[in-house]
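Data block for query35.cif (mmCIF, C-alpha atoms):
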data_upload
#
loop_
_atom_site.label_atom_id
_atom_site.label_comp_id
_atom_site.auth_asym_id
_atom_site.auth_seq_id
_atom_site.Cartn_x
_atom_site.Cartn_y
_atom_site.Cartn_z
CA MET B 1 -9.41 18.69 -26.65
CA PRO B 2 -11.38 16.60 -29.14
CA VAL B 3 -9.42 15.79 -32.28
CA ALA B 4 -12.13 14.11 -34.29
CA GLU B 5 -15.86 14.36 -34.39
CA THR B 6 -18.40 12.70 -36.63
CA ASN B 7 -22.21 12.48 -36.57
CA PRO B 8 -24.21 12.98 -33.32
CA ASN B 9 -24.62 9.22 -32.75
CA LEU B 10 -20.96 8.42 -33.08
CA TYR B 11 -18.11 10.30 -31.47
CA SER B 12 -14.44 9.69 -31.06
CA GLY B 13 -12.01 12.12 -29.52
CA SER B 14 -8.94 12.26 -27.34
CA PHE B 15 -7.94 14.49 -24.45
CA ILE B 16 -4.53 15.09 -22.87
CA ILE B 17 -4.06 15.08 -19.07
CA GLU B 18 -1.05 16.91 -17.66
CA GLY B 19 0.54 14.89 -14.86
CA GLY B 20 1.33 16.60 -11.56
CA ASN B 21 -0.86 19.64 -12.14
CA PHE B 22 -3.66 19.68 -9.56
CA ASN B 23 -4.70 23.18 -10.67
CA SER B 24 -6.04 21.82 -13.95
CA ALA B 25 -7.29 18.50 -12.53
CA GLY B 26 -10.88 17.92 -13.59
CA ILE B 27 -10.71 19.84 -16.86
CA VAL B 28 -10.66 16.70 -19.01
CA SER B 29 -13.54 15.07 -17.09
CA THR B 30 -15.52 18.29 -17.41
CA SER B 31 -14.92 18.28 -21.20
CA ILE B 32 -15.96 14.63 -21.42
CA LYS B 33 -19.12 15.33 -19.44
CA SER B 34 -20.11 18.30 -21.60
CA THR B 35 -19.32 16.35 -24.80
CA LEU B 36 -21.62 13.52 -23.70
CA LYS B 37 -24.35 15.97 -22.69
CA LYS B 38 -24.19 17.64 -26.10
CA LEU B 39 -24.52 14.25 -27.77
CA GLY B 40 -27.78 13.75 -25.86
CA ILE B 41 -26.50 10.80 -23.80
CA PRO B 42 -28.91 9.99 -20.88
CA GLY B 43 -28.12 11.73 -17.58
CA ASP B 44 -27.35 8.60 -15.56
CA ILE B 45 -24.80 7.47 -18.15
CA VAL B 46 -23.23 10.95 -18.20
CA ARG B 47 -22.98 10.95 -14.40
CA LYS B 48 -21.28 7.54 -14.38
CA ALA B 49 -18.87 8.65 -17.10
CA ALA B 50 -18.08 11.81 -15.10
CA ILE B 51 -17.14 9.78 -11.98
CA VAL B 52 -15.10 7.26 -13.94
CA SER B 53 -13.19 9.85 -15.96
CA TYR B 54 -12.58 12.11 -12.95
CA GLU B 55 -11.06 9.31 -10.86
CA ALA B 56 -8.88 8.22 -13.78
CA GLU B 57 -7.83 11.82 -14.36
CA ILE B 58 -6.87 12.28 -10.71
CA ASN B 59 -4.77 9.10 -10.86
CA VAL B 60 -2.86 10.45 -13.88
CA VAL B 61 -2.38 13.85 -12.19
CA SER B 62 -1.25 12.17 -8.96
CA TYR B 63 1.19 9.62 -10.34
CA ALA B 64 1.99 10.01 -14.05
CA LYS B 65 3.80 12.44 -16.33
CA LYS B 66 1.03 12.48 -18.87
CA GLY B 67 -2.14 10.66 -19.84
CA VAL B 68 -4.29 10.36 -22.92
CA VAL B 69 -8.02 9.78 -22.60
CA THR B 70 -9.88 8.41 -25.59
CA LEU B 71 -13.64 8.81 -25.56
CA THR B 72 -15.66 6.77 -28.02
CA VAL B 73 -19.43 6.90 -28.21
CA GLU B 74 -21.41 4.34 -30.14
CA PRO B 75 -25.19 3.87 -29.95
CA GLY B 76 -25.88 2.66 -26.39
CA ILE B 77 -22.19 2.47 -25.41
CA VAL B 78 -19.69 4.96 -23.98
CA ARG B 79 -16.06 3.81 -23.96
CA ILE B 80 -13.38 5.63 -21.96
CA GLU B 81 -9.78 4.55 -22.28
CA VAL B 82 -6.99 6.15 -20.25
CA ALA B 83 -3.35 5.40 -21.02
CA ASP B 84 -0.64 7.05 -18.95
CA GLU B 85 3.10 7.46 -18.94
CA GLY B 86 3.56 6.67 -15.29
CA PRO B 87 5.42 4.37 -12.91
CA GLY B 88 3.01 1.47 -13.49
CA ILE B 89 1.37 -0.66 -10.81
CA PRO B 90 3.43 -3.61 -9.51
CA ASN B 91 0.49 -5.44 -7.91
CA ILE B 92 -2.89 -4.73 -9.51
CA ASP B 93 -4.85 -6.93 -7.05
CA LEU B 94 -3.46 -4.88 -4.18
CA ALA B 95 -4.13 -1.58 -5.96
CA MET B 96 -7.75 -2.60 -6.50
CA GLN B 97 -8.30 -3.15 -2.75
CA GLU B 98 -10.32 -0.32 -1.23
CA GLY B 99 -8.16 1.72 1.11
CA TYR B 100 -4.83 0.68 -0.39
CA SER B 101 -2.90 3.72 -1.56
CA THR B 102 0.65 4.78 -2.37
CA ALA B 103 -0.24 8.49 -2.31
CA ASP B 104 2.12 10.89 -0.57
CA GLN B 105 1.15 13.30 2.19
CA ARG B 106 0.62 16.26 -0.18
CA ILE B 107 -1.94 14.30 -2.22
CA ARG B 108 -3.72 12.99 0.90
CA GLU B 109 -4.00 16.45 2.46
CA MET B 110 -6.12 17.52 -0.50
CA GLY B 111 -8.49 14.62 0.16
CA PHE B 112 -7.18 12.47 -2.67
CA GLY B 113 -5.26 9.21 -2.37
CA ALA B 114 -7.72 7.45 -0.05
CA GLY B 115 -7.50 4.23 -2.04
CA MET B 116 -11.03 4.57 -3.41
CA GLY B 117 -10.42 5.83 -6.95
CA LEU B 118 -9.97 2.54 -8.78
CA CYS B 119 -12.90 1.07 -6.80
CA ASN B 120 -15.14 3.94 -7.92
CA ILE B 121 -14.00 3.41 -11.51
CA LYS B 122 -14.79 -0.30 -11.33
CA ASN B 123 -18.12 0.20 -9.53
CA TYR B 124 -19.41 2.85 -11.92
CA SER B 125 -18.31 1.05 -15.11
CA ASP B 126 -20.30 -1.77 -16.66
CA ALA B 127 -17.04 -3.31 -17.86
CA PHE B 128 -13.57 -2.49 -16.54
CA HIS B 129 -10.13 -3.65 -17.59
CA ILE B 130 -6.76 -2.60 -16.21
CA GLU B 131 -3.28 -3.46 -17.41
CA SER B 132 -0.01 -2.02 -16.22
CA GLU B 133 3.69 -2.34 -16.83
CA VAL B 134 6.13 -1.14 -14.19
CA GLY B 135 8.29 1.66 -15.56
CA LYS B 136 6.04 2.18 -18.60
CA GLY B 137 2.52 3.05 -17.53
CA THR B 138 -1.03 1.97 -16.91
CA ARG B 139 -3.96 1.53 -19.26
CA LEU B 140 -7.60 1.52 -18.13
CA LYS B 141 -10.53 0.57 -20.33
CA MET B 142 -14.03 1.34 -19.14
CA THR B 143 -17.35 0.73 -20.82
CA ILE B 144 -20.66 2.21 -19.75
CA THR B 145 -23.75 0.92 -21.46
CA THR B 146 -27.25 2.27 -21.72
CA PRO B 147 -29.57 -0.09 -19.82
CA MET T 1 -35.81 23.43 -0.04
CA LYS T 2 -33.86 26.20 -1.80
CA ILE T 3 -30.25 27.08 -0.97
CA GLU T 4 -31.45 30.59 -0.07
CA GLU T 5 -33.72 29.22 2.69
CA ILE T 6 -30.83 27.23 4.21
CA VAL T 7 -28.59 30.30 4.05
CA GLN T 8 -31.22 32.36 5.88
CA ALA T 9 -32.07 29.72 8.48
CA LEU T 10 -28.46 29.00 9.43
CA GLY T 11 -26.89 32.42 8.86
CA LEU T 12 -24.35 31.16 6.33
CA ASP T 13 -21.83 33.48 4.74
CA VAL T 14 -22.22 33.24 0.94
CA LYS T 15 -18.82 33.61 -0.72
CA CYS T 16 -19.57 33.19 -4.40
CA ALA T 17 -22.17 32.44 -7.08
CA LYS T 18 -24.65 34.56 -5.09
CA ASP T 19 -27.04 34.59 -8.06
CA CYS T 20 -27.44 30.79 -7.95
CA LEU T 21 -29.17 30.45 -4.57
CA ASP T 22 -32.57 29.59 -5.99
CA ARG T 23 -31.48 26.00 -6.66
CA GLU T 24 -33.25 23.14 -4.97
CA VAL T 25 -31.30 21.14 -2.37
CA THR T 26 -32.31 17.48 -2.63
CA GLY T 27 -30.09 16.14 0.16
CA GLY T 28 -26.65 16.47 1.65
CA TYR T 29 -23.32 14.71 1.99
CA THR T 30 -20.52 15.40 4.45
CA GLY T 31 -16.96 14.39 3.65
CA ASP T 32 -13.38 15.45 3.04
CA LEU T 33 -12.24 12.51 0.93
CA LEU T 34 -12.96 13.50 -2.65
CA SER T 35 -13.43 9.93 -3.91
CA ASP T 36 -15.90 9.25 -1.10
CA VAL T 37 -17.92 12.30 -2.15
CA MET T 38 -17.51 11.40 -5.84
CA GLY T 39 -18.79 7.87 -5.24
CA ASN T 40 -21.52 8.44 -2.69
CA SER T 41 -23.11 11.86 -3.13
CA LYS T 42 -25.85 12.65 -5.61
CA ALA T 43 -26.91 15.46 -7.91
CA GLY T 44 -28.68 18.28 -6.07
CA TYR T 45 -26.95 17.53 -2.78
CA ILE T 46 -25.33 20.19 -0.65
CA TRP T 47 -21.74 19.14 0.12
CA ILE T 48 -20.30 19.87 3.57
CA THR T 49 -16.50 19.79 3.79
CA ARG T 50 -13.37 21.29 5.29
CA GLN T 51 -11.45 21.12 2.01
CA VAL T 52 -10.93 24.62 0.61
CA HIS T 53 -8.77 24.05 -2.49
CA GLN T 54 -10.00 24.50 -6.04
CA ASN T 55 -10.50 20.79 -6.76
CA ILE T 56 -13.71 20.82 -4.70
CA VAL T 57 -15.33 22.91 -7.44
CA ALA T 58 -14.62 20.27 -10.11
CA VAL T 59 -16.10 17.58 -7.87
CA ALA T 60 -19.23 19.64 -7.10
CA SER T 61 -19.65 20.59 -10.73
CA LEU T 62 -19.19 17.05 -12.08
CA LYS T 63 -21.59 15.70 -9.45
CA GLU T 64 -24.04 18.59 -10.02
CA HIS T 65 -24.16 19.47 -6.34
CA SER T 66 -26.43 22.39 -5.46
CA ALA T 67 -23.76 24.09 -3.30
CA ILE T 68 -20.74 23.61 -1.03
CA ILE T 69 -20.60 24.50 2.68
CA LEU T 70 -17.20 25.00 4.32
CA ILE T 71 -17.10 24.28 8.03
CA ASN T 72 -15.33 25.82 11.06
CA SER T 73 -15.12 29.22 9.32
CA SER T 74 -12.72 27.76 6.73
CA GLN T 75 -12.22 30.18 3.87
CA PRO T 76 -12.09 29.17 0.19
CA THR T 77 -8.85 30.02 -1.64
CA ALA T 78 -8.92 32.75 -4.30
CA GLU T 79 -8.62 30.11 -7.05
CA THR T 80 -11.52 28.17 -5.53
CA MET T 81 -13.72 31.27 -5.50
CA GLU T 82 -12.80 32.12 -9.09
CA LYS T 83 -13.59 28.61 -10.34
CA ALA T 84 -16.80 28.39 -8.32
CA GLU T 85 -17.99 31.68 -9.79
CA ALA T 86 -17.23 30.42 -13.31
CA GLU T 87 -18.90 27.04 -12.69
CA LYS T 88 -21.81 28.67 -10.83
CA ILE T 89 -21.32 26.61 -7.66
CA PRO T 90 -22.32 28.61 -4.56
CA ILE T 91 -19.86 28.30 -1.67
CA MET T 92 -21.05 29.18 1.84
CA VAL T 93 -19.07 29.33 5.07
CA SER T 94 -20.37 28.21 8.46
CA ASP T 95 -18.66 28.73 11.80
CA LEU T 96 -19.99 25.37 13.00
CA PRO T 97 -18.15 22.04 12.85
CA ALA T 98 -19.26 19.40 10.33
CA PHE T 99 -21.35 17.38 12.80
CA GLU T 100 -23.43 20.37 13.88
CA ILE T 101 -24.03 21.95 10.48
CA SER T 102 -24.86 18.56 8.99
CA GLY T 103 -27.41 17.92 11.75
CA LYS T 104 -29.05 21.31 11.29
CA ILE T 105 -29.30 20.87 7.52
CA TYR T 106 -30.64 17.34 7.96
CA ASN T 107 -33.36 18.69 10.24
CA LEU T 108 -34.28 21.47 7.84
CA LEU T 109 -34.49 19.09 4.88
CA THR T 110 -36.49 16.42 6.70
CA ALA T 111 -38.86 18.91 8.36
CA LYS T 112 -39.69 20.40 4.96
CA SER T 113 -40.53 17.14 3.22
#

Would it be possible to restate this file's structure as structure tokens?
Amino acid sequence: MPVAETNPNLYSGSFIIEGGNFNSAGIVSTSIKSTLKKLGIPGDIVRKAAIVSYEAEINVVSYAKKGVVTLTVEPGIVRIEVADEGPGIPNIDLAMQEGYSTADQRIREMGFGAGMGLCNIKNYSDAFHIESEVGKGTRLKMTITTP
Amino acid sequence: MKIEEIVQALGLDVKCAKDCLDREVTGGYTGDLLSDVMGNSKAGYIWITRQVHQNIVAVASLKEHSAIILINSSQPTAETMEKAEAEKIPIMVSDLPAFEISGKIYNLLTAKS
């Protein structure tokens, strides 16, 4: 849930994702989407932010113990940062390849883990940065800008 | 074309959000991989899938799909129905496989426009 809120043109808040719980997967992305809508952010930006945050949320749910999403809105810019306490990614280049996945059978049966999530995040962000430390976790930084 | 017209034309079984069938269907997307649907479908689309678990509702809601169609008489889980009702996402069941229902909907949508 949002922890801080300022004027309508500037927003900063954080949201907690519970790892391993597919029943609540999507709740954080839904909150982010409705927050952006309330701030009057244009629809195409909101839709990109929804895709990006949902894929990041699913990654946290699938692989990590916990994740924190920080949403920052400045005039013309939406920033989404996701930091997780997870196993980390040993080879980021490999993880970024479409179709590469380490998901187990249970995750794949639900239609997740097809190796498309990080690609969607990258494709729907205007700027994307990923860093990861094995045994510690992964941090994603996405920026979506108003054209 | 409205969801209601597709329901009537194809004899679909409406499972939930029955009061939301007046929405316009702008197109369709067929798929069971959630990231594929997330990346490639558009707002207003009707989503055809065999996935029945509750995560399909979050995807449809985030993508602003008009409705979800489950194929091969697949039934939504109780949690899926509950979430879909809350998010106002109609879920319909067809006894046809994905290929056939997709083709029929494609024909309806292209004949109308």

Item to complete: Select all residues from chain B having any atom no more than 8 Å from an atom of chain T (counting all atoms listed in the file, ignoring ligands), output as a list of chain:residue names.
Response: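 The complete set of qualifying residues is B:Phe22, B:Asn23, B:Ala25, B:Gly26, B:Ile27, B:Ser29, B:Thr30, B:Lys33, B:Arg47, B:Ala50, B:Ile51, B:Glu55, B:Met110, B:Gly111, B:Phe112, B:Ala114, B:Met116, B:Gly117, B:Asn120.
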
Taking all listed atoms of range 67-74 of chain B, build the axis-aligned box, pad each of the six sides by 6 Å, then write its centre and edge lengths in Å to one decimal as AutoDock Vina command-line options.
--center_x -11.8 --center_y 7.5 --center_z -25.0 --size_x 31.3 --size_y 18.3 --size_z 22.3

Worksheet item: Looking at all atoms listed in the file, which of B:Ser53, B:Thr35, B:Glu109, B:Glu98 is the one that sits closest to Lys141 in chain B?
Response: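 With all atoms listed in the file as the atom set, the closest residue is B:Ser53.
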
Practice prompt. Run the PyMOL selection byres ((chain B and resi 70) around 7) on the file and write out the hits as a list in words.
Written response: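 Applied to this file, the PyMOL selection byres ((chain B and resi 70) around 7) selects Gly13, Ser14, Phe15, Val68, Val69, Leu71, Thr72, Ile80, Glu81 and Val82 of chain B.
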
Could you save the residues just selected, with C-alpha atoms, as a PDB file, in the coordinates of the input?
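The result, written out as out-v7.pdb:
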ATOM      1  CA  GLY B  13     -12.010  12.120 -29.520  1.00  0.00           C
ATOM      2  CA  SER B  14      -8.940  12.260 -27.340  1.00  0.00           C
ATOM      3  CA  PHE B  15      -7.940  14.490 -24.450  1.00  0.00           C
ATOM      4  CA  VAL B  68      -4.290  10.360 -22.920  1.00  0.00           C
ATOM      5  CA  VAL B  69      -8.020   9.780 -22.600  1.00  0.00           C
ATOM      6  CA  LEU B  71     -13.640   8.810 -25.560  1.00  0.00           C
ATOM      7  CA  THR B  72     -15.660   6.770 -28.020  1.00  0.00           C
ATOM      8  CA  ILE B  80     -13.380   5.630 -21.960  1.00  0.00           C
ATOM      9  CA  GLU B  81      -9.780   4.550 -22.280  1.00  0.00           C
ATOM     10  CA  VAL B  82      -6.990   6.150 -20.250  1.00  0.00           C
TER      11      VAL B  82
END

Discussion item. To one decimal place in Å, what is the distance between CA of Thr145 in chain B and CA of Val78 in chain B?
Written reply: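 Between these atoms lies a distance of 6.3 Å.
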
Worksheet item: What is the CA of Glu85 in chain B-CA of Ala127 in chain B distance in Å, reported with one decimal?
Response: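 Computing the Euclidean distance for CA of Glu85 in chain B and CA of Ala127 in chain B yields 22.9 Å.
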
Will you give me range 95-106 of chain T, written with all heavy atoms and laid out as a PDB file, in the first residue's frame?
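To be explicit, this is the file written out as result_37.pdb:
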ATOM      1  N   ASP T  95     -18.102 -24.928 -25.532  1.00  0.00           N
ATOM      2  CA  ASP T  95     -17.724 -26.348 -25.611  1.00  0.00           C
ATOM      3  C   ASP T  95     -16.771 -26.602 -26.782  1.00  0.00           C
ATOM      4  O   ASP T  95     -16.305 -27.719 -26.983  1.00  0.00           O
ATOM      5  CB  ASP T  95     -18.973 -27.250 -25.688  1.00  0.00           C
ATOM      6  CG  ASP T  95     -19.900 -26.853 -26.835  1.00  0.00           C
ATOM      7  OD1 ASP T  95     -19.581 -25.861 -27.546  1.00  0.00           O
ATOM      8  OD2 ASP T  95     -20.929 -27.513 -27.010  1.00  0.00           O
ATOM      9  N   LEU T  96     -16.466 -25.555 -27.540  1.00  0.00           N
ATOM     10  CA  LEU T  96     -15.584 -25.719 -28.703  1.00  0.00           C
ATOM     11  C   LEU T  96     -14.113 -25.586 -28.316  1.00  0.00           C
ATOM     12  O   LEU T  96     -13.785 -24.938 -27.343  1.00  0.00           O
ATOM     13  CB  LEU T  96     -15.917 -24.655 -29.757  1.00  0.00           C
ATOM     14  CG  LEU T  96     -17.312 -24.720 -30.363  1.00  0.00           C
ATOM     15  CD1 LEU T  96     -17.539 -23.517 -31.266  1.00  0.00           C
ATOM     16  CD2 LEU T  96     -17.529 -26.026 -31.118  1.00  0.00           C
ATOM     17  N   PRO T  97     -13.217 -26.174 -29.110  1.00  0.00           N
ATOM     18  CA  PRO T  97     -11.791 -25.948 -28.894  1.00  0.00           C
ATOM     19  C   PRO T  97     -11.384 -24.539 -29.346  1.00  0.00           C
ATOM     20  O   PRO T  97     -12.145 -23.866 -30.055  1.00  0.00           O
ATOM     21  CB  PRO T  97     -11.108 -27.019 -29.752  1.00  0.00           C
ATOM     22  CG  PRO T  97     -12.124 -27.479 -30.726  1.00  0.00           C
ATOM     23  CD  PRO T  97     -13.485 -27.172 -30.167  1.00  0.00           C
ATOM     24  N   ALA T  98     -10.188 -24.124 -28.962  1.00  0.00           N
ATOM     25  CA  ALA T  98      -9.729 -22.747 -29.196  1.00  0.00           C
ATOM     26  C   ALA T  98      -9.783 -22.347 -30.671  1.00  0.00           C
ATOM     27  O   ALA T  98     -10.225 -21.254 -31.018  1.00  0.00           O
ATOM     28  CB  ALA T  98      -8.310 -22.580 -28.653  1.00  0.00           C
ATOM     29  N   PHE T  99      -9.324 -23.242 -31.543  1.00  0.00           N
ATOM     30  CA  PHE T  99      -9.276 -22.945 -32.975  1.00  0.00           C
ATOM     31  C   PHE T  99     -10.668 -22.587 -33.515  1.00  0.00           C
ATOM     32  O   PHE T  99     -10.845 -21.606 -34.227  1.00  0.00           O
ATOM     33  CB  PHE T  99      -8.709 -24.161 -33.721  1.00  0.00           C
ATOM     34  CG  PHE T  99      -8.658 -23.994 -35.209  1.00  0.00           C
ATOM     35  CD1 PHE T  99      -7.679 -23.221 -35.802  1.00  0.00           C
ATOM     36  CD2 PHE T  99      -9.583 -24.639 -36.026  1.00  0.00           C
ATOM     37  CE1 PHE T  99      -7.626 -23.066 -37.181  1.00  0.00           C
ATOM     38  CE2 PHE T  99      -9.541 -24.489 -37.392  1.00  0.00           C
ATOM     39  CZ  PHE T  99      -8.560 -23.706 -37.980  1.00  0.00           C
ATOM     40  N   GLU T 100     -11.649 -23.413 -33.130  1.00  0.00           N
ATOM     41  CA  GLU T 100     -13.000 -23.214 -33.676  1.00  0.00           C
ATOM     42  C   GLU T 100     -13.681 -21.964 -33.126  1.00  0.00           C
ATOM     43  O   GLU T 100     -14.275 -21.192 -33.874  1.00  0.00           O
ATOM     44  CB  GLU T 100     -13.852 -24.454 -33.412  1.00  0.00           C
ATOM     45  CG  GLU T 100     -13.418 -25.611 -34.284  1.00  0.00           C
ATOM     46  CD  GLU T 100     -14.211 -26.881 -34.011  1.00  0.00           C
ATOM     47  OE1 GLU T 100     -15.442 -26.795 -33.861  1.00  0.00           O
ATOM     48  OE2 GLU T 100     -13.581 -27.956 -33.936  1.00  0.00           O
ATOM     49  N   ILE T 101     -13.587 -21.777 -31.800  1.00  0.00           N
ATOM     50  CA  ILE T 101     -14.262 -20.601 -31.224  1.00  0.00           C
ATOM     51  C   ILE T 101     -13.585 -19.304 -31.698  1.00  0.00           C
ATOM     52  O   ILE T 101     -14.250 -18.309 -31.967  1.00  0.00           O
ATOM     53  CB  ILE T 101     -14.360 -20.708 -29.681  1.00  0.00           C
ATOM     54  CG1 ILE T 101     -15.343 -19.669 -29.118  1.00  0.00           C
ATOM     55  CG2 ILE T 101     -13.029 -20.538 -28.983  1.00  0.00           C
ATOM     56  CD1 ILE T 101     -16.774 -19.995 -29.320  1.00  0.00           C
ATOM     57  N   SER T 102     -12.256 -19.372 -31.848  1.00  0.00           N
ATOM     58  CA  SER T 102     -11.535 -18.184 -32.325  1.00  0.00           C
ATOM     59  C   SER T 102     -11.986 -17.837 -33.745  1.00  0.00           C
ATOM     60  O   SER T 102     -12.232 -16.668 -34.073  1.00  0.00           O
ATOM     61  CB  SER T 102     -10.022 -18.427 -32.327  1.00  0.00           C
ATOM     62  OG  SER T 102      -9.566 -18.740 -31.034  1.00  0.00           O
ATOM     63  N   GLY T 103     -12.109 -18.855 -34.594  1.00  0.00           N
ATOM     64  CA  GLY T 103     -12.538 -18.642 -35.972  1.00  0.00           C
ATOM     65  C   GLY T 103     -13.936 -18.053 -36.049  1.00  0.00           C
ATOM     66  O   GLY T 103     -14.189 -17.128 -36.827  1.00  0.00           O
ATOM     67  N   LYS T 104     -14.831 -18.580 -35.222  1.00  0.00           N
ATOM     68  CA  LYS T 104     -16.215 -18.078 -35.237  1.00  0.00           C
ATOM     69  C   LYS T 104     -16.274 -16.614 -34.787  1.00  0.00           C
ATOM     70  O   LYS T 104     -16.995 -15.799 -35.370  1.00  0.00           O
ATOM     71  CB  LYS T 104     -17.092 -18.952 -34.329  1.00  0.00           C
ATOM     72  CG  LYS T 104     -17.463 -20.284 -34.987  1.00  0.00           C
ATOM     73  CD  LYS T 104     -18.267 -21.154 -34.023  1.00  0.00           C
ATOM     74  CE  LYS T 104     -18.414 -22.574 -34.539  1.00  0.00           C
ATOM     75  NZ  LYS T 104     -19.470 -22.711 -35.565  1.00  0.00           N
ATOM     76  N   ILE T 105     -15.501 -16.305 -33.729  1.00  0.00           N
ATOM     77  CA  ILE T 105     -15.508 -14.923 -33.234  1.00  0.00           C
ATOM     78  C   ILE T 105     -14.857 -13.991 -34.253  1.00  0.00           C
ATOM     79  O   ILE T 105     -15.341 -12.888 -34.504  1.00  0.00           O
ATOM     80  CB  ILE T 105     -14.833 -14.833 -31.845  1.00  0.00           C
ATOM     81  CG1 ILE T 105     -15.736 -15.517 -30.820  1.00  0.00           C
ATOM     82  CG2 ILE T 105     -14.549 -13.386 -31.447  1.00  0.00           C
ATOM     83  CD1 ILE T 105     -15.155 -15.667 -29.449  1.00  0.00           C
ATOM     84  N   TYR T 106     -13.807 -14.464 -34.874  1.00  0.00           N
ATOM     85  CA  TYR T 106     -13.138 -13.668 -35.920  1.00  0.00           C
ATOM     86  C   TYR T 106     -14.138 -13.326 -37.033  1.00  0.00           C
ATOM     87  O   TYR T 106     -14.233 -12.189 -37.477  1.00  0.00           O
ATOM     88  CB  TYR T 106     -11.941 -14.441 -36.484  1.00  0.00           C
ATOM     89  CG  TYR T 106     -11.201 -13.689 -37.559  1.00  0.00           C
ATOM     90  CD1 TYR T 106     -10.212 -12.769 -37.227  1.00  0.00           C
ATOM     91  CD2 TYR T 106     -11.508 -13.888 -38.908  1.00  0.00           C
ATOM     92  CE1 TYR T 106      -9.546 -12.061 -38.223  1.00  0.00           C
ATOM     93  CE2 TYR T 106     -10.849 -13.181 -39.900  1.00  0.00           C
ATOM     94  CZ  TYR T 106      -9.860 -12.275 -39.552  1.00  0.00           C
ATOM     95  OH  TYR T 106      -9.215 -11.574 -40.526  1.00  0.00           O
TER      96      TYR T 106
END
